[in-house]
Amino acid sequence: MEEVVSFHHVHKTYKNFLLRDVSFSVKKGFITGFIGPNGAGKTTTIKLMLDLVKPDSGEINLFNQTYQSNREEIKQRVGVVFSEHHLYQHLTIEKMKKVVSNFYSKWDDDRFEHYLKQFNLRPDQKIGQLSKGMGMKLSIAIALSHHADLIVLDEPTSALDPISRREILQLLMDVIQDEEKAVFFSTHITTDLEQIADYILFLHNGTVLLHDEKDAILDQHFIVRGATDLLDSDTRKLFLQVKETSFGFEALTNQASLVRRLMGDEVVMEKASLEEIMVYTIGDRSEIR
Ligand SMILES: Nc1ncnc2c1ncn2[C@@H]1O[C@H](COP(=O)(O)OP(=O)(O)OP(=O)(O)O)[C@@H](O)[C@H]1O
């Protein structure tokens, strides 16, 4: 399977933050969802991916090339959407298009017009007068109008109403239909990823906690509930985190089949959502720290 992005042991240090030994890949033809709590390092990772900041060590490849050797070609092949759009407020959409289209050799006016229509945007509208959601849609329209092979989005749906969100999610699914492109998409709305992501990358405190196919992650992780007397030093090892109350325990496991075999009917097991996986896993880590 072709890798569009690969990070190999990437480190980046800020005064109060360390991105540590980050390795992952983004595959062509798939949507990779990028999750992690506030301050996990998601935007830093995206900026590294886009060459907006440089790593201290490690290697970053896009399309099997490095920015050092092929910066211009890589930039042409990437479409970017940030949560706050960086478009010129005083310009109309039409004028903004003229600025941006000059930058991209494969800019496609017809495609851009198609997206404007789809998003109910007019070329004569001033960017400063667009709502947050409309601004986001314009950024997405721009990112999708130069035949990019990789679309990188940093929290694109957080400002959108549920209807627009669905529209954008559908659009991202359409983008990967021809299996020629890859989408990398950070968000706090984990239910969006349950709908559309093929792979999940989960970052916490600057390290990768999980990177796998979404279905594999959801198949492995279960919330288990049972009586506290089932817990001993051995059975506790089956769980990533255990919460105990006077009614019993509730725990997250990533060894569902083993729990089923060992505890069987004595416990109730329910598939964990991505949100539960995040919350339980992070709880565990912060206790260790
Ligand atoms: N230029 C910088 N200089 C110093 N520290 C920085 C810089 N950029 C980011 N940081 C720090 O790095 C850490 C990770 O920030 P980052 O924006 O990557 O997190 P995030 O996962 O995107 O968070 P959120 O979900 O809140 O957007 C934070 O503690 C932040 O303060």
# chains A, B, ... in the order shown; residues from 1 in each chain; ligands from 1
$ residues_near_ligand --ligand "ligand 1" --cutoff "10 Å" --atoms "only C-alpha atoms and all ligand atoms" --output "PyMOL selection string"
chain A and resi 12-19+34-48+53+83+154-155+186-188+203-206
$ write_last_selection --atoms "C-alpha atoms" --output "PDB file, in the first residue's frame"
ATOM      1  CA  LYS A  12      10.434  18.382  18.099  1.00  0.00           C
ATOM      2  CA  THR A  13      11.127  20.348  21.265  1.00  0.00           C
ATOM      3  CA  TYR A  14       9.450  23.533  22.406  1.00  0.00           C
ATOM      4  CA  LYS A  15      10.169  25.223  25.724  1.00  0.00           C
ATOM      5  CA  ASN A  16       7.422  23.345  27.559  1.00  0.00           C
ATOM      6  CA  PHE A  17       6.575  20.593  25.113  1.00  0.00           C
ATOM      7  CA  LEU A  18       8.234  17.613  23.522  1.00  0.00           C
ATOM      8  CA  LEU A  19       7.030  15.672  20.515  1.00  0.00           C
ATOM      9  CA  PHE A  34      -5.959  12.321  13.963  1.00  0.00           C
ATOM     10  CA  ILE A  35      -7.108  12.552  17.562  1.00  0.00           C
ATOM     11  CA  GLY A  36      -5.694  13.589  20.907  1.00  0.00           C
ATOM     12  CA  PRO A  37      -6.560  15.955  23.752  1.00  0.00           C
ATOM     13  CA  ASN A  38      -5.798  19.695  23.733  1.00  0.00           C
ATOM     14  CA  GLY A  39      -2.064  20.249  23.673  1.00  0.00           C
ATOM     15  CA  ALA A  40      -1.257  16.682  22.544  1.00  0.00           C
ATOM     16  CA  GLY A  41       0.806  18.018  19.644  1.00  0.00           C
ATOM     17  CA  LYS A  42      -1.601  17.563  16.736  1.00  0.00           C
ATOM     18  CA  THR A  43      -1.139  21.003  15.197  1.00  0.00           C
ATOM     19  CA  THR A  44       2.627  20.725  15.717  1.00  0.00           C
ATOM     20  CA  THR A  45       2.584  17.395  13.857  1.00  0.00           C
ATOM     21  CA  ILE A  46       0.552  18.943  11.032  1.00  0.00           C
ATOM     22  CA  LYS A  47       2.944  21.899  10.834  1.00  0.00           C
ATOM     23  CA  LEU A  48       5.854  19.457  10.600  1.00  0.00           C
ATOM     24  CA  VAL A  53       8.199  23.983  11.363  1.00  0.00           C
ATOM     25  CA  SER A  83      -9.307  25.514  11.678  1.00  0.00           C
ATOM     26  CA  ASP A 154      -6.750  20.681  11.089  1.00  0.00           C
ATOM     27  CA  GLU A 155     -10.123  20.557  12.862  1.00  0.00           C
ATOM     28  CA  SER A 186      -7.476  16.181  12.937  1.00  0.00           C
ATOM     29  CA  THR A 187     -10.589  16.582  15.029  1.00  0.00           C
ATOM     30  CA  HIS A 188     -12.066  16.472  18.522  1.00  0.00           C
ATOM     31  CA  LEU A 203      -1.463  11.282  20.046  1.00  0.00           C
ATOM     32  CA  HIS A 204      -1.090  12.157  23.714  1.00  0.00           C
ATOM     33  CA  ASN A 205       1.608  14.226  25.438  1.00  0.00           C
ATOM     34  CA  GLY A 206       3.597  14.291  22.223  1.00  0.00           C
TER      35      GLY A 206
END
$ select_by_dssp --residues "range 15-236 of chain A" --states "strand (DSSP E)" --output "number ranges by chain"
A: 17-27, 31-35, 57-62, 78-81, 150-154, 182-186, 199-204, 207-213, 222-226
$ write_last_selection --atoms "C-alpha atoms" --output "tab-separated table (two decimals), in the first residue's frame"
chain	number	residue	atom	x	y	z
A	17	PHE	CA	6.57	20.59	25.11
A	18	LEU	CA	8.23	17.61	23.52
A	19	LEU	CA	7.03	15.67	20.52
A	20	ARG	CA	8.78	12.35	21.04
A	21	ASP	CA	9.78	9.67	18.58
A	22	VAL	CA	6.70	10.08	16.40
A	23	SER	CA	6.45	7.50	13.63
A	24	PHE	CA	3.40	6.85	11.46
A	25	SER	CA	2.29	6.74	7.85
A	26	VAL	CA	-0.68	8.05	5.87
A	27	LYS	CA	-1.82	5.74	3.11
A	31	ILE	CA	-8.83	8.76	5.44
A	32	THR	CA	-6.62	8.93	8.52
A	33	GLY	CA	-8.28	10.55	11.53
A	34	PHE	CA	-5.96	12.32	13.96
A	35	ILE	CA	-7.11	12.55	17.56
A	57	SER	CA	15.58	15.00	14.41
A	58	GLY	CA	13.91	12.18	12.49
A	59	GLU	CA	12.74	12.09	8.91
A	60	ILE	CA	9.56	13.25	7.24
A	61	ASN	CA	8.70	12.05	3.74
A	62	LEU	CA	5.82	13.10	1.53
A	78	VAL	CA	-0.84	19.11	-0.86
A	79	GLY	CA	-4.16	20.83	-0.07
A	80	VAL	CA	-4.39	22.36	3.41
A	81	VAL	CA	-7.29	23.47	5.59
A	150	LEU	CA	-2.90	14.75	-0.02
A	151	ILE	CA	-5.53	16.81	1.80
A	152	VAL	CA	-4.54	17.85	5.32
A	153	LEU	CA	-7.22	19.34	7.54
A	154	ASP	CA	-6.75	20.68	11.09
A	182	ALA	CA	-5.17	10.56	0.92
A	183	VAL	CA	-6.93	12.60	3.61
A	184	PHE	CA	-5.36	13.42	6.99
A	185	PHE	CA	-7.84	15.01	9.31
A	186	SER	CA	-7.48	16.18	12.94
A	199	TYR	CA	-7.16	4.70	10.09
A	200	ILE	CA	-6.79	6.39	13.46
A	201	LEU	CA	-3.70	8.09	14.81
A	202	PHE	CA	-3.98	8.93	18.51
A	203	LEU	CA	-1.46	11.28	20.05
A	204	HIS	CA	-1.09	12.16	23.71
A	207	THR	CA	3.71	10.52	21.73
A	208	VAL	CA	1.74	8.14	19.52
A	209	LEU	CA	-0.52	5.95	21.68
A	210	LEU	CA	-2.40	4.20	18.90
A	211	HIS	CA	-2.04	3.94	15.15
A	212	ASP	CA	-4.12	1.30	13.44
A	213	GLU	CA	-7.12	0.65	11.26
A	222	PHE	CA	-14.37	-3.01	24.99
A	223	ILE	CA	-15.78	-1.48	28.16
A	224	VAL	CA	-16.13	-4.23	30.75
A	225	ARG	CA	-18.38	-4.01	33.80
A	226	GLY	CA	-18.50	-6.47	36.68
$ atom_distance --atom1 "CA of Phe7 in chain A" --atom2 "CA of Met136 in chain A"
27.4 Å
$ select_by_dssp --residues "range 24-176 of chain A" --states "alpha helix (DSSP H)" --output "PyMOL selection string"
chain A and resi 42-49+67-76+93-103+109-118+132-143+162-175
$ residues_around --residues "Ile127 in chain A" --least-positions-apart "6" --cutoff "8 Å" --atoms "only C-alpha atoms" --output "ChimeraX atom specification"
/A:87-93,135
$ write_last_selection --atoms "N, CA and C atoms" --output "CSV table (one decimal), in the first residue's frame"
chain,number,residue,atom,x,y,z
A,87,LEU,N,-7.2,33.3,5.0
A,87,LEU,CA,-7.5,34.0,3.7
A,87,LEU,C,-7.5,35.5,4.0
A,88,TYR,N,-7.3,36.3,2.9
A,88,TYR,CA,-7.3,37.7,3.1
A,88,TYR,C,-8.7,38.2,3.3
A,89,GLN,N,-8.9,38.9,4.4
A,89,GLN,CA,-10.3,39.3,4.8
A,89,GLN,C,-10.8,40.4,3.8
A,90,HIS,N,-10.0,41.2,3.3
A,90,HIS,CA,-10.5,42.4,2.5
A,90,HIS,C,-10.8,42.0,1.0
A,91,LEU,N,-10.5,40.7,0.6
A,91,LEU,CA,-10.7,40.4,-0.8
A,91,LEU,C,-12.1,39.7,-1.0
A,92,THR,N,-12.5,39.7,-2.2
A,92,THR,CA,-13.7,38.9,-2.5
A,92,THR,C,-13.2,37.5,-2.8
A,93,ILE,N,-14.1,36.5,-2.8
A,93,ILE,CA,-13.8,35.2,-3.1
A,93,ILE,C,-13.1,35.1,-4.5
A,135,GLY,N,-16.4,30.4,5.8
A,135,GLY,CA,-15.0,30.6,5.6
A,135,GLY,C,-14.3,29.2,5.5
